[in-house]
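Note sheet for the following structure.
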Amino acid sequence: MFGAFRASPVSASGLLWKVPWRLSATRKARQRQRLKDVDQVIETIRQSGVQCESLTRALALPKEHEMPARDKYTVFNRRSKGYRKGIHKVPKWTRLTLRENPLGF
């Protein structure tokens, strides 16, 4: 077809960007480093003496070394087999706080 209706790579062959089913070792390492960086920022703010509700909530979250691997790399999903899915399948997973474990699994 021509113009606005021409075939694109997505419509011609399906999904253009594939998501691997497993996190690679380097992606896991970067996730651990991201968690450690957040822990360091929270600790720095705590030491500064600032008091606010968001800091109180952040201090209640587990630190990277306290989290089991299951919580570092997967999130709860009621539709998945085993009720967990890889953290990299969550949209914008590098920007979200996924440390909460709402059901305690």
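By convention here, the chains of the structure tokens are called A, B, ... in the order presented, each chain's residues are numbered starting at 1, and ligands are numbered starting at 1 in the order presented.
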Exercise for the section: Quick one: everything within 10 Å of Lys36 of chain A, counting only C-alpha atoms, minus sequence neighbours fewer than 6 positions away in the same chain. Send it as a list in words. Expected result: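 My list of contacting residues is Arg30, Ile42, Lys63, Glu64 and His65 of chain A.
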Handout entry: Sel. of helix (DSSP H, G or I) residues, chain A, as a ChimeraX atom specification
Key = /A:3-5,9-13,25-48,53-60,64-66,69-73,81-83,87-89
Could you save those same residues with N, CA and C atoms as a compact mmCIF listing (two decimals), in the first residue's frame?
# COMPACT_ATOMS: atom_id res chain seq x y z
N GLY A 3 1.35 5.61 0.98
CA GLY A 3 0.98 6.69 1.87
C GLY A 3 0.87 6.25 3.32
N ALA A 4 -0.20 6.67 3.97
CA ALA A 4 -0.37 6.39 5.40
C ALA A 4 -0.62 4.92 5.68
N PHE A 5 -1.00 4.15 4.64
CA PHE A 5 -1.36 2.75 4.86
C PHE A 5 -0.29 1.77 4.39
N PRO A 9 7.37 -2.27 9.61
CA PRO A 9 7.97 -3.50 10.15
C PRO A 9 7.09 -4.17 11.19
N VAL A 10 6.36 -3.39 11.99
CA VAL A 10 5.51 -3.97 13.02
C VAL A 10 4.32 -4.69 12.41
N SER A 11 3.64 -4.02 11.48
CA SER A 11 2.45 -4.65 10.90
C SER A 11 2.81 -5.79 9.95
N ALA A 12 4.00 -5.75 9.38
CA ALA A 12 4.39 -6.80 8.43
C ALA A 12 4.83 -8.08 9.14
N SER A 13 5.54 -7.96 10.26
CA SER A 13 6.10 -9.17 10.86
C SER A 13 5.79 -9.31 12.34
N ALA A 25 22.58 -11.67 33.19
CA ALA A 25 23.40 -11.42 34.37
C ALA A 25 23.74 -9.94 34.50
N THR A 26 23.98 -9.27 33.38
CA THR A 26 24.32 -7.84 33.44
C THR A 26 23.10 -7.01 33.84
N ARG A 27 21.91 -7.39 33.37
CA ARG A 27 20.70 -6.67 33.76
C ARG A 27 20.42 -6.85 35.25
N LYS A 28 20.68 -8.06 35.76
CA LYS A 28 20.51 -8.30 37.19
C LYS A 28 21.49 -7.46 38.00
N ALA A 29 22.73 -7.38 37.53
CA ALA A 29 23.74 -6.58 38.23
C ALA A 29 23.35 -5.11 38.24
N ARG A 30 22.83 -4.62 37.12
CA ARG A 30 22.42 -3.22 37.07
C ARG A 30 21.20 -2.97 37.96
N GLN A 31 20.31 -3.93 38.08
CA GLN A 31 19.16 -3.81 38.98
C GLN A 31 19.63 -3.75 40.43
N ARG A 32 20.58 -4.61 40.80
CA ARG A 32 21.12 -4.56 42.16
C ARG A 32 21.78 -3.23 42.44
N GLN A 33 22.55 -2.71 41.47
CA GLN A 33 23.21 -1.42 41.64
C GLN A 33 22.19 -0.30 41.78
N ARG A 34 21.10 -0.37 41.00
CA ARG A 34 20.03 0.62 41.10
C ARG A 34 19.42 0.63 42.50
N LEU A 35 19.17 -0.57 43.05
CA LEU A 35 18.61 -0.67 44.40
C LEU A 35 19.58 -0.11 45.44
N LYS A 36 20.87 -0.39 45.28
CA LYS A 36 21.88 0.12 46.22
C LYS A 36 21.97 1.64 46.14
N ASP A 37 21.88 2.18 44.94
CA ASP A 37 21.92 3.64 44.78
C ASP A 37 20.73 4.30 45.48
N VAL A 38 19.56 3.71 45.36
CA VAL A 38 18.37 4.24 46.02
C VAL A 38 18.54 4.17 47.54
N ASP A 39 19.09 3.05 48.03
CA ASP A 39 19.34 2.92 49.47
C ASP A 39 20.28 4.01 49.96
N GLN A 40 21.29 4.32 49.16
CA GLN A 40 22.26 5.34 49.54
C GLN A 40 21.60 6.73 49.60
N VAL A 41 20.74 7.03 48.64
CA VAL A 41 20.04 8.31 48.64
C VAL A 41 19.12 8.42 49.85
N ILE A 42 18.39 7.36 50.17
CA ILE A 42 17.49 7.37 51.33
C ILE A 42 18.30 7.58 52.61
N GLU A 43 19.43 6.90 52.73
CA GLU A 43 20.27 7.05 53.92
C GLU A 43 20.83 8.47 54.04
N THR A 44 21.23 9.05 52.91
CA THR A 44 21.75 10.43 52.92
C THR A 44 20.68 11.42 53.38
N ILE A 45 19.47 11.25 52.89
CA ILE A 45 18.37 12.14 53.29
C ILE A 45 18.05 11.95 54.78
N ARG A 46 18.08 10.70 55.24
CA ARG A 46 17.82 10.43 56.65
C ARG A 46 18.86 11.12 57.54
N GLN A 47 20.12 11.07 57.13
CA GLN A 47 21.20 11.69 57.92
C GLN A 47 21.13 13.21 57.90
N SER A 48 20.49 13.78 56.89
CA SER A 48 20.40 15.24 56.81
C SER A 48 19.45 15.82 57.86
N GLU A 53 6.78 12.59 55.15
CA GLU A 53 6.04 11.33 55.05
C GLU A 53 6.68 10.38 54.04
N SER A 54 7.17 10.91 52.93
CA SER A 54 7.77 10.03 51.92
C SER A 54 9.06 9.40 52.44
N LEU A 55 9.80 10.12 53.28
CA LEU A 55 11.01 9.53 53.87
C LEU A 55 10.64 8.42 54.84
N THR A 56 9.58 8.61 55.60
CA THR A 56 9.12 7.57 56.52
C THR A 56 8.73 6.30 55.77
N ARG A 57 8.02 6.49 54.65
CA ARG A 57 7.64 5.32 53.83
C ARG A 57 8.86 4.66 53.22
N ALA A 58 9.83 5.46 52.78
CA ALA A 58 11.05 4.91 52.16
C ALA A 58 11.88 4.13 53.17
N LEU A 59 11.91 4.60 54.42
CA LEU A 59 12.66 3.88 55.45
C LEU A 59 12.01 2.55 55.82
N ALA A 60 10.71 2.42 55.56
CA ALA A 60 10.02 1.17 55.85
C ALA A 60 10.30 0.09 54.80
N GLU A 64 18.48 -3.37 49.83
CA GLU A 64 18.83 -4.33 48.79
C GLU A 64 19.36 -5.63 49.37
N HIS A 65 20.22 -5.55 50.39
CA HIS A 65 20.81 -6.78 50.95
C HIS A 65 19.82 -7.57 51.80
N GLU A 66 18.69 -6.96 52.19
CA GLU A 66 17.65 -7.65 52.95
C GLU A 66 16.63 -8.35 52.06
N ALA A 69 16.26 -12.76 46.39
CA ALA A 69 16.40 -12.62 44.93
C ALA A 69 15.03 -12.60 44.25
N ARG A 70 14.11 -13.36 44.78
CA ARG A 70 12.78 -13.43 44.20
C ARG A 70 12.13 -12.04 44.13
N ASP A 71 12.32 -11.23 45.18
CA ASP A 71 11.72 -9.89 45.19
C ASP A 71 12.52 -8.88 44.38
N LYS A 72 13.81 -9.14 44.19
CA LYS A 72 14.63 -8.21 43.41
C LYS A 72 14.32 -8.30 41.92
N TYR A 73 14.03 -9.50 41.45
CA TYR A 73 13.94 -9.72 40.01
C TYR A 73 12.56 -10.11 39.51
N LYS A 81 1.78 -18.09 35.65
CA LYS A 81 1.96 -19.37 36.31
C LYS A 81 2.95 -19.17 37.46
N GLY A 82 2.58 -19.59 38.64
CA GLY A 82 3.43 -19.36 39.80
C GLY A 82 3.24 -17.98 40.41
N TYR A 83 2.35 -17.17 39.83
CA TYR A 83 1.99 -15.84 40.33
C TYR A 83 3.15 -14.85 40.37
N ILE A 87 10.72 -8.89 36.42
CA ILE A 87 10.61 -7.45 36.64
C ILE A 87 10.78 -6.68 35.34
N HIS A 88 11.53 -7.24 34.39
CA HIS A 88 11.78 -6.54 33.13
C HIS A 88 10.56 -6.53 32.22
N LYS A 89 9.51 -7.26 32.57
CA LYS A 89 8.28 -7.25 31.78
C LYS A 89 7.32 -6.14 32.23
Practice task
Would you please give, as a list in words, all residues of chain A that DSSP assigns to strand (DSSP E) based on the backbone?
Solution key: Thr74, Val75, Phe76, Arg84, Lys85 and Gly86 of chain A
